[in-house]
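The structure appears below as structure tokens.
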Amino acid sequence: MLLSKLLIISSFLFAVGVSAQTLTHSYTFEAGTWSGTTVNDQVGSVNGTVNGTNWEIKNGYFYNHNANQNATNQGGYISFDGTALNLSSYSAITLEVYLSLSNDFINPRKWSECLYFGGASGANSIEMQLEMNSTTQSRVGVNNAQFVTFTPPAKATTHHYVIVVVPSTASSDGSLTVYQDGVSVGTVALAAGSYDTVLSGLSTANANLGKGGWSNPLTTYPIHEFNIYSGAMDAATVANRYQIMNSKLASVSLGTGTLNPVFDGDVLNYAVVLPAGTNSLTVGATASSSTNYSSVIGAGTYDVSADYGTITLKASATGIPYCINWRKSVNSPVLTHSYTFTDGTAADIIGGDNGTTVGTGIIANGLFTTSAGANLISGTSQYISLPASNISINNYPAVTFETVAKIASTSANTFYSFFGNNTIAGQNNSNTVGNGIDYVYLHSKDFITSCNINYQPWVGTTVYSATTNLNDNKAHHIVGIMTMDSLILYRDGVLSGKVLLSNLNKLFNIDPKVGYIFRSGYPNDQNTVGSVGEFNIWKGQLTDATIATRYNSYMKDAALSGITLSAGSISFDPAVTSYNVSVSSSTTSVTIGATSSKDYVTISGTGETVLTSGTGTATITVTAADGTTTKTYTLNFSPTTDFISSKSSEFNAYVESGKLVVYTESNFSVFNTLGKKVAQRNGSHTTQQIELMNGVYFVKSNGVTIKVIVR
């Protein structure tokens with residue numbers, strides 16, 4: 001890339017007959033141009049260092065998601081060694097930056113600094129502020145005294161800025177000129193004898209990209225490239241530079257799959273879901289112009305045997321990166337993460353990415369239950385935090401969220417789940433977590449996503465909103481599906497609705513930084529009050545039929561999983577609802593217990609049942625989670641009947657306290673149901689007790705057979 005860049009710049013200088021500037025330092029964010037927190041100087045030897053938190057480099061851009069400058073929670077920016085740069089030795093200087101205004105031009109935090117070289121509070125400095133006041137004007141200044149003020153472009157996409165500073169001399173004026181998208185937007189004279197040290201006296205204390213010399217907010221505009229030139233670039237060269245930096249594609253073609261959204265030269269990020277089993281993908285593209293470039297960089301055939309990846313296309317070596325985020329489809333949805341709370345923890349029983357309970361919420365009886373809706377700032381929140389970076393839903397071809405939960409009518413907010421990121425609130429010194437960004441959340445009424453907007457992200461949301469809020473103290477089965485083009489919401493097994501996504505609000509743009517159950521991504525939103533019985537994440541899209549089946553399984557299943565008795569026994573089958581139970585005639589009561597494997601099932605009829613001489617009836621009524629489906633189990637108790645065939649005063653056999661008791665004058669034998677003799681005794685006209693395993697036996701004596709049941 002470096003060689004192609006130098007060749008391109010040299011060709012420009014030769015073509016227009018200009019040799020007034022020399023590229024001395026260059027910083028880009030393509031793969032291989034940075035590592036960790038180091039941004040490599042592609043021309044010189046002064047590398048940049050990324051500082052702060054909540055930043056990322058992806059798709060050829062440096063993103064800062066946090067405008068705060070507080071020492072504890074400082075946002076991301078890039079610093080340079082001002083002494084090593086040695087800009088004060090330049091006779092003139094040209095600064096070039098290519099960035100995206102994106103939707104963040106609605107940023108209410110004014111005075112954010114895009115670049116700053118100089119001392120504290122504007123002393124001996126060069127700076128650029130893309131938003132300086134409520135009218136969203138931009139300005140570039142030297143020494144905090146002379147400014148070029150201009151109006152930013154109406155279209156919030158990627159734009160090219162060039163700043164040219166020529167110091168004055170003792171007898172002639174210098175100048176500060178600013179170009180926006182190849183055209184001058186203003187020049188201010190630097191008075192003779194007053195600005196002759198504007199460069200030679202330039203302070204080396206601060207040399208930053210994205211941060212100023214005050215406590216002003218950091219820039220949150222994605223930065224694609226930053227260059228420093230020794231010398232003054234003229235208008236013709238600036239125009240040519242803009243043409244190259246802004247070189248766009250006219251079309252993109254795929255060998256398989258469909259580009260989403262439909263190609264537009266001003267849209268830079270796309271998705272394609274490839275059929276399962278696809279191993280190669282051929283990508284073709286044409287440039288919008290061949291004046292300064294002739295072939296598209298990145299076109300060709302790629303190995304796509306993995307599950308996901310990104311292909312970058314550019315019309316020139318320094319042109320706009322177009323990113324194709326490819327994802328591999330699945331033949332059928334795969335349950336990748338499941339939180340059932342059955343073991344008393346927030347363990348992921350499928351993927352092993354266990355959650356962590358935060359606050360005093362309780363996990364018991366298969367439910368995570370919260371009792372207070374305090375917000376994050378209060379420090380008493382109750383929710384579950386998930387390892388979102390491991391889960392990485394942004395790498396899925398589609399994601400399905402499934403939850404079974406009950407939300408209290410007193411709950412001020414009703415968030416089932418949230419996946420995304422947070423900014424930091426407060427312009428200067430606040431430490432509190434701020435807006436949720438690059439997110440998708442599932443709500444008891446809404447299914448919402450917003451991406452690539454750091455401030456006022458709600459302005460650019462895609463929303464499906466149902467007609468009712470399910471904070472009704474009843475259990476519900478909720479399914480939210482985010483594909484590459486839609487949000488789809490199901491409530492209690494029925495499709496609630498579907499909405500198409502915007503070009504920004506795509507699954508691949510979800511930031512996998514934080515994941516929550518029962519919490520919003522906004523700190524002032526109260527946490528959800530209620531309980532959740534299960535939360536599942538699927539790779540792929542569940543079908544209508546599968547969702548309906550799962551709804552019935554969770555919400556309409558009134559079957560018991562077991563019945564326990566303090567006396568007598570049964571062979572339990574969830575599908576069998578009537579049982580005959582034999583107990584001793586001396587039994588006066590039986591304690592009955594019952595269990596269900598489903599959450600939110602209610603069971604009545606358990607506890608103590610009174611019997612009369614071992615006789616009585618008990619009913620257990622089970623109400624399913626939907627509150628209407630019921631099932632009744634009946635237990636008919638009766639005294640033990642051990643005698644089947646005839647008996648007499650000379651021969652009697654029965655069971656007492658689990659032992660076979662025989663009274664006979666003659667010899668007798670005991671056989672099991674297979675006809676095998678298991679005992680033999682001599683008759684004595686006295687009671688004889690025989691220890692036997694539980695089961696059915698036949699006692700024979702003098703041609704008489706008595707059937708007995710040992711329990």
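All residue names refer to the structure tokens as shown: chains lettered A, B, ... in order, residues numbered from 1 in each chain, ligands numbered from 1 in order.
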
DSSP strand (DSSP E or B) selection over range 561-684 of chain A, as JSON, numbers by chain: {"A": [562, 563, 564, 565, 578, 579, 580, 581, 582, 583, 589, 590, 591, 592, 593, 594, 595, 602, 603, 604, 607, 608, 609, 610, 612, 615, 616, 617, 618, 619, 620, 621, 622, 623, 630, 631, 632, 633, 634, 635, 636, 637, 638, 639, 651, 652, 653, 654, 655, 656, 659, 660, 661, 662, 663, 664, 668, 669, 670, 671, 672, 677, 678, 679, 680, 681]}

For range 463-477 of chain A: contacts at 8 Å, only C-alpha atoms, fewer than 5 positions along chain excluded, given as a PyMOL selection string: chain A and resi 402-411+414+444-449+487-489+491-493+496-499+530+551+554-555+600+625-627

Nearest to Cys451 in chain A by atom-to-atom distance, counting only C-alpha atoms, from A:Thr237, A:Asn503, A:Ser604, A:Ser125: A:Asn503

Residue contacts of range 70-79 of chain A (8 Å, only C-alpha atoms) excluding same-chain residues fewer than 3 positions away, as a count of residues only: 26

Residue neighbourhood Tyr396 in chain A, 10 Å, only C-alpha atoms, exclusion window fewer than 5 positions, as a ChimeraX atom specification: /A:273,307-308,326-330,391,482-484,507-508,538-540

Given the selection you just returned, output its residues as a file containing N, CA, C and O atoms, formatted as an mmCIF file, in the first residue's frame.
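File written: out.cif
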```cif
data_model
loop_
_atom_site.group_PDB
_atom_site.id
_atom_site.type_symbol
_atom_site.label_atom_id
_atom_site.label_comp_id
_atom_site.auth_asym_id
_atom_site.auth_seq_id
_atom_site.Cartn_x
_atom_site.Cartn_y
_atom_site.Cartn_z
ATOM 1 N N VAL A 273 -25.212 -13.184 2.906
ATOM 2 C CA VAL A 273 -25.342 -14.471 3.580
ATOM 3 C C VAL A 273 -25.172 -15.556 2.533
ATOM 4 O O VAL A 273 -25.973 -15.660 1.593
ATOM 5 N N ASP A 307 -16.852 -19.473 8.937
ATOM 6 C CA ASP A 307 -18.240 -19.079 9.202
ATOM 7 C C ASP A 307 -18.527 -17.625 8.839
ATOM 8 O O ASP A 307 -19.664 -17.266 8.576
ATOM 9 N N TYR A 308 -17.499 -16.789 8.865
ATOM 10 C CA TYR A 308 -17.716 -15.373 8.596
ATOM 11 C C TYR A 308 -16.397 -14.712 8.225
ATOM 12 O O TYR A 308 -15.314 -15.261 8.448
ATOM 13 N N TRP A 326 -19.333 -11.014 4.902
ATOM 14 C CA TRP A 326 -20.008 -12.256 4.520
ATOM 15 C C TRP A 326 -20.189 -13.165 5.739
ATOM 16 O O TRP A 326 -19.360 -13.211 6.643
ATOM 17 N N ARG A 327 -21.338 -13.812 5.762
ATOM 18 C CA ARG A 327 -21.680 -14.735 6.833
ATOM 19 C C ARG A 327 -22.180 -16.031 6.213
ATOM 20 O O ARG A 327 -22.871 -16.019 5.199
ATOM 21 N N LYS A 328 -21.833 -17.142 6.818
ATOM 22 C CA LYS A 328 -22.259 -18.446 6.302
ATOM 23 C C LYS A 328 -23.592 -18.837 6.923
ATOM 24 O O LYS A 328 -23.764 -18.802 8.149
ATOM 25 N N SER A 329 -24.525 -19.207 6.080
ATOM 26 C CA SER A 329 -25.829 -19.643 6.554
ATOM 27 C C SER A 329 -25.720 -21.008 7.233
ATOM 28 O O SER A 329 -24.699 -21.698 7.122
ATOM 29 N N VAL A 330 -26.759 -21.384 7.966
ATOM 30 C CA VAL A 330 -26.832 -22.706 8.588
ATOM 31 C C VAL A 330 -28.024 -23.436 7.992
ATOM 32 O O VAL A 330 -29.036 -22.833 7.626
ATOM 33 N N ILE A 391 -19.836 -14.283 22.744
ATOM 34 C CA ILE A 391 -21.061 -14.691 22.043
ATOM 35 C C ILE A 391 -21.060 -14.176 20.612
ATOM 36 O O ILE A 391 -21.432 -14.883 19.677
ATOM 37 N N MET A 482 -33.289 -11.063 14.358
ATOM 38 C CA MET A 482 -32.638 -10.032 13.555
ATOM 39 C C MET A 482 -31.902 -10.721 12.421
ATOM 40 O O MET A 482 -30.936 -11.452 12.635
ATOM 41 N N THR A 483 -32.386 -10.511 11.208
ATOM 42 C CA THR A 483 -31.707 -11.013 10.025
ATOM 43 C C THR A 483 -30.860 -9.879 9.459
ATOM 44 O O THR A 483 -30.720 -8.827 10.073
ATOM 45 N N MET A 484 -30.308 -10.069 8.280
ATOM 46 C CA MET A 484 -29.533 -8.997 7.670
ATOM 47 C C MET A 484 -30.409 -7.886 7.104
ATOM 48 O O MET A 484 -29.908 -6.806 6.794
ATOM 49 N N LEU A 507 -26.928 -6.351 11.287
ATOM 50 C CA LEU A 507 -26.439 -7.265 12.309
ATOM 51 C C LEU A 507 -24.925 -7.202 12.450
ATOM 52 O O LEU A 507 -24.389 -7.271 13.564
ATOM 53 N N PHE A 508 -24.198 -7.038 11.335
ATOM 54 C CA PHE A 508 -22.743 -7.006 11.424
ATOM 55 C C PHE A 508 -22.240 -5.740 12.114
ATOM 56 O O PHE A 508 -21.071 -5.663 12.502
ATOM 57 N N TRP A 538 -29.989 -18.293 19.373
ATOM 58 C CA TRP A 538 -29.872 -19.229 18.253
ATOM 59 C C TRP A 538 -29.099 -18.578 17.114
ATOM 60 O O TRP A 538 -29.313 -17.401 16.806
ATOM 61 N N LYS A 539 -28.229 -19.338 16.489
ATOM 62 C CA LYS A 539 -27.632 -18.907 15.225
ATOM 63 C C LYS A 539 -28.585 -19.337 14.111
ATOM 64 O O LYS A 539 -28.821 -20.527 13.902
ATOM 65 N N GLY A 540 -29.130 -18.360 13.423
ATOM 66 C CA GLY A 540 -30.112 -18.654 12.388
ATOM 67 C C GLY A 540 -31.490 -18.178 12.786
ATOM 68 O O GLY A 540 -31.705 -17.607 13.868
#
```
